[in-house]
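Content type PDB, C-alpha atoms, from the file structure.pdb:
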ATOM      1  CA  MET F   1     -62.917  83.208 195.042
ATOM      2  CA  LEU F   2     -63.329  83.580 191.297
ATOM      3  CA  LEU F   3     -60.417  81.224 190.797
ATOM      4  CA  ALA F   4     -62.275  78.619 192.859
ATOM      5  CA  ALA F   5     -65.306  79.175 190.636
ATOM      6  CA  VAL F   6     -63.181  78.671 187.514
ATOM      7  CA  LEU F   7     -61.727  75.470 188.945
ATOM      8  CA  ALA F   8     -65.193  74.199 189.864
ATOM      9  CA  ILE F   9     -66.414  74.933 186.334
ATOM     10  CA  LEU F  10     -63.453  73.037 184.900
ATOM     11  CA  ILE F  11     -64.229  70.023 187.100
ATOM     12  CA  ALA F  12     -67.868  70.160 186.043
ATOM     13  CA  MET F  13     -66.730  70.315 182.416
ATOM     14  CA  ALA F  14     -64.609  67.207 182.955
ATOM     15  CA  LEU F  15     -67.612  65.391 184.423
ATOM     16  CA  ALA F  16     -69.815  66.441 181.497
ATOM     17  CA  VAL F  17     -67.174  65.272 179.014
ATOM     18  CA  ALA F  18     -66.986  61.953 180.880
ATOM     19  CA  ARG F  19     -70.734  61.578 180.427
ATOM     20  CA  ALA F  20     -70.438  62.494 176.749
ATOM     21  CA  VAL F  21     -67.737  59.866 176.275
ATOM     22  CA  LYS F  22     -69.422  57.117 178.291
ATOM     23  CA  GLY F  23     -73.081  57.968 177.678
ATOM     24  CA  PRO F  24     -74.835  54.897 176.353
ATOM     25  CA  THR F  25     -77.543  56.737 174.412
ATOM     26  CA  THR F  26     -77.372  59.675 172.042
ATOM     27  CA  PHE F  27     -79.535  61.737 174.367
ATOM     28  CA  ASP F  28     -76.936  61.457 177.119
ATOM     29  CA  ARG F  29     -74.396  62.849 174.697
ATOM     30  CA  MET F  30     -76.751  65.605 173.580
ATOM     31  CA  LEU F  31     -77.390  66.623 177.185
ATOM     32  CA  ALA F  32     -73.673  66.477 177.956
ATOM     33  CA  GLY F  33     -72.877  68.629 174.935
ATOM     34  CA  ASN F  34     -75.497  71.147 175.998
ATOM     35  CA  THR F  35     -74.060  71.151 179.518
ATOM     36  CA  VAL F  36     -70.569  71.771 178.183
ATOM     37  CA  GLY F  37     -71.972  74.719 176.222
ATOM     38  CA  THR F  38     -73.590  76.168 179.336
ATOM     39  CA  LEU F  39     -70.387  75.621 181.307
ATOM     40  CA  ALA F  40     -68.439  77.389 178.565
ATOM     41  CA  ILE F  41     -70.689  80.426 179.096
ATOM     42  CA  LEU F  42     -70.108  80.311 182.866
ATOM     43  CA  PHE F  43     -66.383  79.833 182.253
ATOM     44  CA  LEU F  44     -66.328  82.882 179.978
ATOM     45  CA  ALA F  45     -68.110  84.997 182.598
ATOM     46  CA  ALA F  46     -65.940  83.843 185.515
ATOM     47  CA  LEU F  47     -62.717  84.230 183.558
ATOM     48  CA  GLY F  48     -63.790  87.686 182.387
ATOM     49  CA  PHE F  49     -64.218  88.854 185.975
ATOM     50  CA  LEU F  50     -60.994  87.096 186.975
ATOM     51  CA  ASN F  51     -59.035  88.932 184.277
ATOM     52  CA  GLY F  52     -60.724  92.233 185.067
ATOM     53  CA  ARG F  53     -62.730  92.372 181.849
ATOM     54  CA  PRO F  54     -66.373  92.145 182.912
ATOM     55  CA  GLU F  55     -67.563  93.158 179.429
ATOM     56  CA  TRP F  56     -67.118  89.508 178.408
ATOM     57  CA  LEU F  57     -70.470  88.969 180.064
ATOM     58  CA  ASP F  58     -72.156  90.359 176.928
ATOM     59  CA  ILE F  59     -70.341  87.798 174.803
ATOM     60  CA  GLY F  60     -71.584  85.141 177.208
ATOM     61  CA  LEU F  61     -75.137  86.223 176.418
ATOM     62  CA  VAL F  62     -74.483  85.729 172.687
ATOM     63  CA  TYR F  63     -73.115  82.264 173.491
ATOM     64  CA  ALA F  64     -76.320  81.441 175.326
ATOM     65  CA  LEU F  65     -78.400  82.403 172.293
ATOM     66  CA  LEU F  66     -76.243  80.238 169.997
ATOM     67  CA  ASN F  67     -76.564  77.297 172.368
ATOM     68  CA  VAL F  68     -80.349  77.510 172.209
ATOM     69  CA  ILE F  69     -80.329  77.546 168.402
ATOM     70  CA  SER F  70     -78.179  74.435 167.980
ATOM     71  CA  THR F  71     -80.118  72.471 170.614
ATOM     72  CA  LEU F  72     -83.341  73.553 168.953
ATOM     73  CA  ALA F  73     -82.096  72.296 165.592
ATOM     74  CA  VAL F  74     -81.077  68.936 167.057
ATOM     75  CA  LEU F  75     -84.385  68.472 168.869
ATOM     76  CA  LYS F  76     -86.330  69.444 165.769
ATOM     77  CA  PHE F  77     -84.365  66.875 163.810
ATOM     78  CA  PHE F  78     -85.210  64.183 166.338
ATOM     79  CA  ARG F  79     -88.866  65.138 166.348
ATOM     80  CA  HIS F  80     -89.400  65.348 162.604
ATOM     81  CA  GLY F  81     -86.364  63.633 161.125
ATOM     82  CA  ASP F  82     -85.935  66.721 158.967
ATOM     83  CA  LEU F  83     -84.916  70.327 159.399
ATOM     84  CA  ALA F  84     -86.487  71.808 156.291
ATOM     85  CA  LEU F  85     -90.060  71.207 157.337
ATOM     86  CA  GLY F  86     -92.140  73.720 155.442
ATOM     87  CA  PRO F  87     -95.634  74.923 156.274
ATOM     88  CA  ASP F  88     -97.136  72.539 153.680
ATOM     89  CA  ASP F  89     -95.664  69.491 155.391
ATOM     90  CA  ASP F  90     -97.244  70.273 158.740
ATOM     91  CA  GLY F  91    -100.207  67.932 158.404
ATOM     92  CA  ALA F  92     -98.073  64.986 157.293
ATOM     93  CA  SER F  93     -95.849  64.758 160.352
TER      94      SER F  93
ATOM     95  CA  MET A   1     -52.574  79.931 186.156
ATOM     96  CA  GLU A   2     -53.558  80.198 182.493
ATOM     97  CA  ILE A   3     -51.298  77.346 181.531
ATOM     98  CA  TYR A   4     -52.978  74.994 184.017
ATOM     99  CA  ILE A   5     -56.444  75.913 182.773
ATOM    100  CA  ASN A   6     -55.254  75.348 179.213
ATOM    101  CA  ALA A   7     -53.752  72.004 180.196
ATOM    102  CA  VAL A   8     -57.081  70.849 181.665
ATOM    103  CA  LEU A   9     -59.044  72.049 178.633
ATOM    104  CA  LEU A  10     -56.624  70.491 176.145
ATOM    105  CA  THR A  11     -56.760  67.183 178.030
ATOM    106  CA  LEU A  12     -60.547  67.263 177.761
ATOM    107  CA  LEU A  13     -60.159  68.020 174.039
ATOM    108  CA  ALA A  14     -57.898  65.000 173.612
ATOM    109  CA  VAL A  15     -60.380  62.783 175.482
ATOM    110  CA  THR A  16     -63.222  64.041 173.294
ATOM    111  CA  SER A  17     -61.196  63.435 170.131
ATOM    112  CA  CYS A  18     -60.467  59.842 171.156
ATOM    113  CA  ALA A  19     -64.160  59.356 171.887
ATOM    114  CA  ILE A  20     -65.043  60.741 168.435
ATOM    115  CA  ILE A  21     -62.625  58.279 166.824
ATOM    116  CA  ARG A  22     -63.969  55.288 168.753
ATOM    117  CA  GLN A  23     -67.635  56.193 168.435
ATOM    118  CA  ARG A  24     -69.578  54.270 165.775
ATOM    119  CA  SER A  25     -73.000  55.902 166.078
ATOM    120  CA  LEU A  26     -72.779  59.024 163.944
ATOM    121  CA  PHE A  27     -75.388  60.912 165.991
ATOM    122  CA  GLY A  28     -73.074  60.481 168.951
ATOM    123  CA  VAL A  29     -70.189  61.746 166.821
ATOM    124  CA  VAL A  30     -72.141  64.901 165.954
ATOM    125  CA  MET A  31     -72.926  65.533 169.622
ATOM    126  CA  LEU A  32     -69.299  64.933 170.611
ATOM    127  CA  ALA A  33     -68.168  67.316 167.866
ATOM    128  CA  GLY A  34     -70.401  69.999 169.385
ATOM    129  CA  THR A  35     -68.815  69.327 172.771
ATOM    130  CA  TYR A  36     -65.390  69.597 171.148
ATOM    131  CA  SER A  37     -66.292  72.981 169.649
ATOM    132  CA  PHE A  38     -67.389  74.411 172.983
ATOM    133  CA  LEU A  39     -64.193  73.174 174.655
ATOM    134  CA  MET A  40     -62.152  74.699 171.833
ATOM    135  CA  ALA A  41     -64.047  77.972 172.283
ATOM    136  CA  SER A  42     -63.103  77.897 175.971
ATOM    137  CA  VAL A  43     -59.447  77.469 174.981
ATOM    138  CA  PHE A  44     -59.744  80.521 172.727
ATOM    139  CA  VAL A  45     -61.312  82.449 175.611
ATOM    140  CA  VAL A  46     -58.337  81.600 177.826
ATOM    141  CA  LEU A  47     -56.035  82.788 175.025
ATOM    142  CA  ASP A  48     -57.863  86.160 175.071
ATOM    143  CA  ALA A  49     -59.381  85.707 171.612
ATOM    144  CA  VAL A  50     -63.038  86.105 172.495
ATOM    145  CA  ASP A  51     -64.149  86.936 168.945
ATOM    146  CA  VAL A  52     -62.540  83.780 167.559
ATOM    147  CA  ALA A  53     -64.170  81.836 170.381
ATOM    148  CA  MET A  54     -67.559  83.205 169.415
ATOM    149  CA  THR A  55     -67.011  82.198 165.788
ATOM    150  CA  GLU A  56     -65.939  78.741 166.901
ATOM    151  CA  ALA A  57     -69.050  78.365 169.037
ATOM    152  CA  ALA A  58     -71.312  79.638 166.250
ATOM    153  CA  VAL A  59     -69.786  77.679 163.371
ATOM    154  CA  GLY A  60     -68.514  74.592 165.162
ATOM    155  CA  ALA A  61     -71.334  73.978 167.581
ATOM    156  CA  GLY A  62     -74.166  75.650 165.709
ATOM    157  CA  VAL A  63     -73.860  75.514 161.948
ATOM    158  CA  SER A  64     -71.783  72.378 161.496
ATOM    159  CA  THR A  65     -74.077  70.435 163.854
ATOM    160  CA  VAL A  66     -76.997  71.365 161.613
ATOM    161  CA  ILE A  67     -75.061  70.505 158.450
ATOM    162  CA  PHE A  68     -74.004  67.141 159.902
ATOM    163  CA  LEU A  69     -77.602  66.391 160.851
ATOM    164  CA  ILE A  70     -78.756  67.176 157.306
ATOM    165  CA  ALA A  71     -76.032  64.862 155.967
ATOM    166  CA  LEU A  72     -77.154  62.136 158.376
ATOM    167  CA  HIS A  73     -80.723  62.584 157.205
ATOM    168  CA  LEU A  74     -79.587  61.922 153.635
ATOM    169  CA  THR A  75     -77.411  58.944 154.528
ATOM    170  CA  LYS A  76     -77.414  56.253 157.170
ATOM    171  CA  SER A  77     -76.546  57.224 160.701
ATOM    172  CA  ARG A  78     -74.261  54.312 161.386
ATOM    173  CA  GLU A  79     -70.664  53.902 160.322
ATOM    174  CA  TYR A  80     -69.554  50.520 159.063
ATOM    175  CA  PRO A  81     -65.921  49.949 159.967
ATOM    176  CA  LYS A  82     -63.902  48.693 157.042
ATOM    177  CA  PRO A  83     -61.215  46.103 157.626
ATOM    178  CA  ARG A  84     -58.553  48.379 156.242
ATOM    179  CA  SER A  85     -55.070  49.084 157.419
ATOM    180  CA  ALA A  86     -54.668  52.440 159.159
ATOM    181  CA  VAL A  87     -50.901  52.626 158.815
ATOM    182  CA  VAL A  88     -50.746  55.102 155.930
ATOM    183  CA  PRO A  89     -53.299  57.573 157.420
ATOM    184  CA  LEU A  90     -51.490  57.365 160.766
ATOM    185  CA  PHE A  91     -48.193  58.066 159.031
ATOM    186  CA  ILE A  92     -49.599  61.095 157.164
ATOM    187  CA  THR A  93     -51.191  62.433 160.352
ATOM    188  CA  LEU A  94     -47.968  62.084 162.314
ATOM    189  CA  ILE A  95     -45.959  63.841 159.604
ATOM    190  CA  THR A  96     -48.490  66.701 159.409
ATOM    191  CA  GLY A  97     -48.582  67.021 163.177
ATOM    192  CA  PHE A  98     -44.818  67.138 163.493
ATOM    193  CA  ALA A  99     -44.613  69.693 160.654
ATOM    194  CA  LEU A 100     -47.143  71.920 162.442
ATOM    195  CA  ILE A 101     -45.329  71.610 165.792
ATOM    196  CA  TRP A 102     -42.020  72.334 164.046
ATOM    197  CA  GLY A 103     -43.620  75.393 162.429
ATOM    198  CA  THR A 104     -44.666  76.804 165.796
ATOM    199  CA  SER A 105     -41.029  76.880 166.934
ATOM    200  CA  THR A 106     -40.291  79.782 164.573
ATOM    201  CA  LEU A 107     -43.350  81.824 165.570
ATOM    202  CA  PRO A 108     -42.798  84.955 167.668
ATOM    203  CA  PRO A 109     -43.662  84.579 171.364
ATOM    204  CA  PHE A 110     -47.334  84.785 172.290
ATOM    205  CA  GLY A 111     -48.641  88.306 172.724
ATOM    206  CA  VAL A 112     -45.539  90.385 171.915
ATOM    207  CA  ALA A 113     -46.219  93.851 170.506
ATOM    208  CA  ASP A 114     -43.406  93.854 167.925
ATOM    209  CA  ALA A 115     -44.454  90.685 166.115
ATOM    210  CA  PRO A 116     -44.329  90.981 162.288
ATOM    211  CA  ILE A 117     -48.117  91.041 162.032
ATOM    212  CA  HIS A 118     -48.203  94.214 164.105
ATOM    213  CA  GLU A 119     -45.402  95.968 162.225
ATOM    214  CA  HIS A 120     -46.285  95.383 158.588
ATOM    215  CA  THR A 121     -49.343  97.529 157.813
ATOM    216  CA  THR A 122     -50.775  98.375 161.220
ATOM    217  CA  PRO A 123     -48.701 101.584 161.769
ATOM    218  CA  HIS A 124     -49.731 102.791 158.324
ATOM    219  CA  TYR A 125     -53.405 102.226 159.127
ATOM    220  CA  LEU A 126     -53.111 104.030 162.434
ATOM    221  CA  ASP A 127     -51.324 107.047 160.945
ATOM    222  CA  ALA A 128     -53.460 107.318 157.825
ATOM    223  CA  ALA A 129     -56.713 106.971 159.727
ATOM    224  CA  ARG A 130     -55.645 109.752 162.061
ATOM    225  CA  GLU A 131     -54.408 112.024 159.269
ATOM    226  CA  LYS A 132     -57.197 111.647 156.748
ATOM    227  CA  GLN A 133     -59.957 111.674 159.393
ATOM    228  CA  ILE A 134     -61.913 108.963 157.580
ATOM    229  CA  ALA A 135     -63.858 108.041 160.670
ATOM    230  CA  ALA A 136     -63.684 109.280 164.235
ATOM    231  CA  ASN A 137     -62.714 105.858 165.545
ATOM    232  CA  VAL A 138     -59.622 104.084 164.207
ATOM    233  CA  VAL A 139     -61.261 100.679 164.565
ATOM    234  CA  THR A 140     -64.226 101.882 162.528
ATOM    235  CA  ALA A 141     -61.877 103.270 159.878
ATOM    236  CA  VAL A 142     -60.029  99.956 159.579
ATOM    237  CA  LEU A 143     -63.201  97.863 159.495
ATOM    238  CA  ALA A 144     -65.338 100.059 157.268
ATOM    239  CA  ASP A 145     -62.732 101.594 154.934
ATOM    240  CA  TYR A 146     -59.598  99.497 154.740
ATOM    241  CA  ARG A 147     -61.354  96.164 155.085
ATOM    242  CA  SER A 148     -64.726  97.102 153.679
ATOM    243  CA  PHE A 149     -65.086  94.014 151.460
ATOM    244  CA  ASP A 150     -64.164  91.801 154.366
ATOM    245  CA  THR A 151     -66.751  93.533 156.527
ATOM    246  CA  LEU A 152     -69.311  93.279 153.728
ATOM    247  CA  GLY A 153     -68.753  89.530 153.573
ATOM    248  CA  GLU A 154     -69.051  89.224 157.339
ATOM    249  CA  THR A 155     -72.280  91.191 157.299
ATOM    250  CA  LEU A 156     -73.569  88.858 154.587
ATOM    251  CA  VAL A 157     -72.736  85.864 156.785
ATOM    252  CA  VAL A 158     -74.548  87.380 159.749
ATOM    253  CA  PHE A 159     -77.536  88.208 157.523
ATOM    254  CA  THR A 160     -77.670  84.628 156.185
ATOM    255  CA  ALA A 161     -77.434  83.239 159.713
ATOM    256  CA  GLY A 162     -80.294  85.507 160.763
ATOM    257  CA  ILE A 163     -82.447  84.247 157.866
ATOM    258  CA  GLY A 164     -81.669  80.649 158.824
ATOM    259  CA  ILE A 165     -82.601  81.206 162.459
ATOM    260  CA  MET A 166     -85.797  82.975 161.448
ATOM    261  CA  MET A 167     -86.817  80.040 159.263
ATOM    262  CA  LEU A 168     -85.955  77.575 162.028
ATOM    263  CA  LEU A 169     -88.155  79.450 164.477
ATOM    264  CA  ARG A 170     -90.933  80.454 162.091
ATOM    265  CA  VAL A 171     -91.978  76.958 161.079
ATOM    266  CA  ARG A 172     -92.185  75.979 164.701
ATOM    267  CA  ARG A 173     -94.458  78.906 165.525
ATOM    268  CA  ARG A 174     -96.758  78.123 162.621
ATOM    269  CA  ARG A 175     -97.158  74.564 163.766
ATOM    270  CA  GLY A 176     -98.883  75.657 166.978
ATOM    271  CA  PRO A 177    -102.289  76.784 165.662
ATOM    272  CA  ALA A 178    -102.203  74.446 162.651
ATOM    273  CA  GLY A 179    -101.656  71.342 164.763
ATOM    274  CA  GLY A 180    -104.229  72.199 167.423
ATOM    275  CA  ASN A 181    -107.359  72.885 165.400
ATOM    276  CA  GLU A 182    -107.237  72.222 161.705
ATOM    277  CA  GLY A 183    -110.270  73.921 160.169
ATOM    278  CA  GLU A 184    -110.301  77.195 162.062
ATOM    279  CA  PRO A 185    -109.798  80.197 159.757
ATOM    280  CA  SER A 186    -107.791  82.246 162.269
TER     281      SER A 186
END

Take the structure in the file and give it back as structure tokens.
Amino acid sequence: MLLAAVLAILIAMALAVARAVKGPTTFDRMLAGNTVGTLAILFLAALGFLNGRPEWLDIGLVYALLNVISTLAVLKFFRHGDLALGPDDDGAS
Amino acid sequence: MEIYINAVLLTLLAVTSCAIIRQRSLFGVVMLAGTYSFLMASVFVVLDAVDVAMTEAAVGAGVSTVIFLIALHLTKSREYPKPRSAVVPLFITLITGFALIWGTSTLPPFGVADAPIHEHTTPHYLDAAREKQIAANVVTAVLADYRSFDTLGETLVVFTAGIGIMMLLRVRRRRGPAGGNEGEPS
């Protein structure tokens, strides 16, 4: 059962990588990269239960937090064209 | 079973690497590099190195994406291919790759308990930590006493990362009231 889940996650990862390779726009690639990150979390959880080490679930939570941060940075860059936007620059953008 | 999962993941890594080489838009390259890092982290997870996988996900997908984006902000985000011969770089890469593969042939088998890395100082640490009663837990004794500078550096890295994340989130929260109504004192 868990093995089937792991295989399904691997297939989904392959599809996401195919989109990242083909994807005509940058946003396709960004979404594909984000999807691969999410699938890596699911993969970690499923493999942890498969190997009898369910405490990997906590590490999966840390992964999820990291994924949010990097996506946030990328989106902020696309919105403002800059990451170091201080409080003084707020009115200008 | 593990070897099949690794084969699938390494194939995906190879596909991503080829895509990174062929890609000319550098934004796309940054996104593909993030994908590569998450796939590599999954490989580390399969190899039972969850802590290394977490570092790979944090540094490869998180920090280096941000650093690449800053670099792209300072330069142009499009690569101009030069009409230059790639024979010498290909040669150097092949030699390095073969040297690395040749080096793996003398490594001890994966996961054996009597590998040299486990026999050099590890027994000393285990005995000394138990004898001297430095800390109740042997892992704590190794991390906090025998590798205290290493742990101090790691803590510094985590602290810096926390500051960076706080700044990333703080500016965004301040924008909310400032953007909505400009002249309100609250």

**Report entry** Check: which chain F residues lie within 6 Å of chain A using only C-alpha atoms, as a PyMOL selection string
**Finding:** chain F and resi 21+26+29-30+33+37+40+70

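The shortest atom-to-atom distance to Leu75 (chain F), with only C-alpha atoms taken into account, belongs to F:Asn34 out of F:Gly48, F:Asn34, F:Leu39, F:Gly60.
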
Requested in this report: Evaluate the PyMOL selection byres ((chain F and resi 6) around 12) and record the selected residues as a PyMOL selection string, following the chain and residue labels used in the document.
Outcome: (chain F and resi 1-5+7-13+39-51) or (chain A and resi 1-2+4-6+8-9+42+46)

Draw an axis-aligned box tight on the listed atoms of region 3-8 of chain F, then pad every side by 4 Å and write out centre and edge lengths in Å to one decimal as JSON.
{"center_x": -62.9, "center_y": 77.7, "center_z": 190.2, "size_x": 12.9, "size_y": 15.0, "size_z": 13.3}

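CA of Asp150 (chain A) to CA of Leu66 (chain F) spans 22.9 Å [interatomic distance, one decimal].
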
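CA of Glu56 (chain A) is positioned 22.2 Å from CA of Ile117 (chain A).
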
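We find CA of Ala20 (chain F) and CA of Ala32 (chain F) to be spaced 5.3 Å apart.
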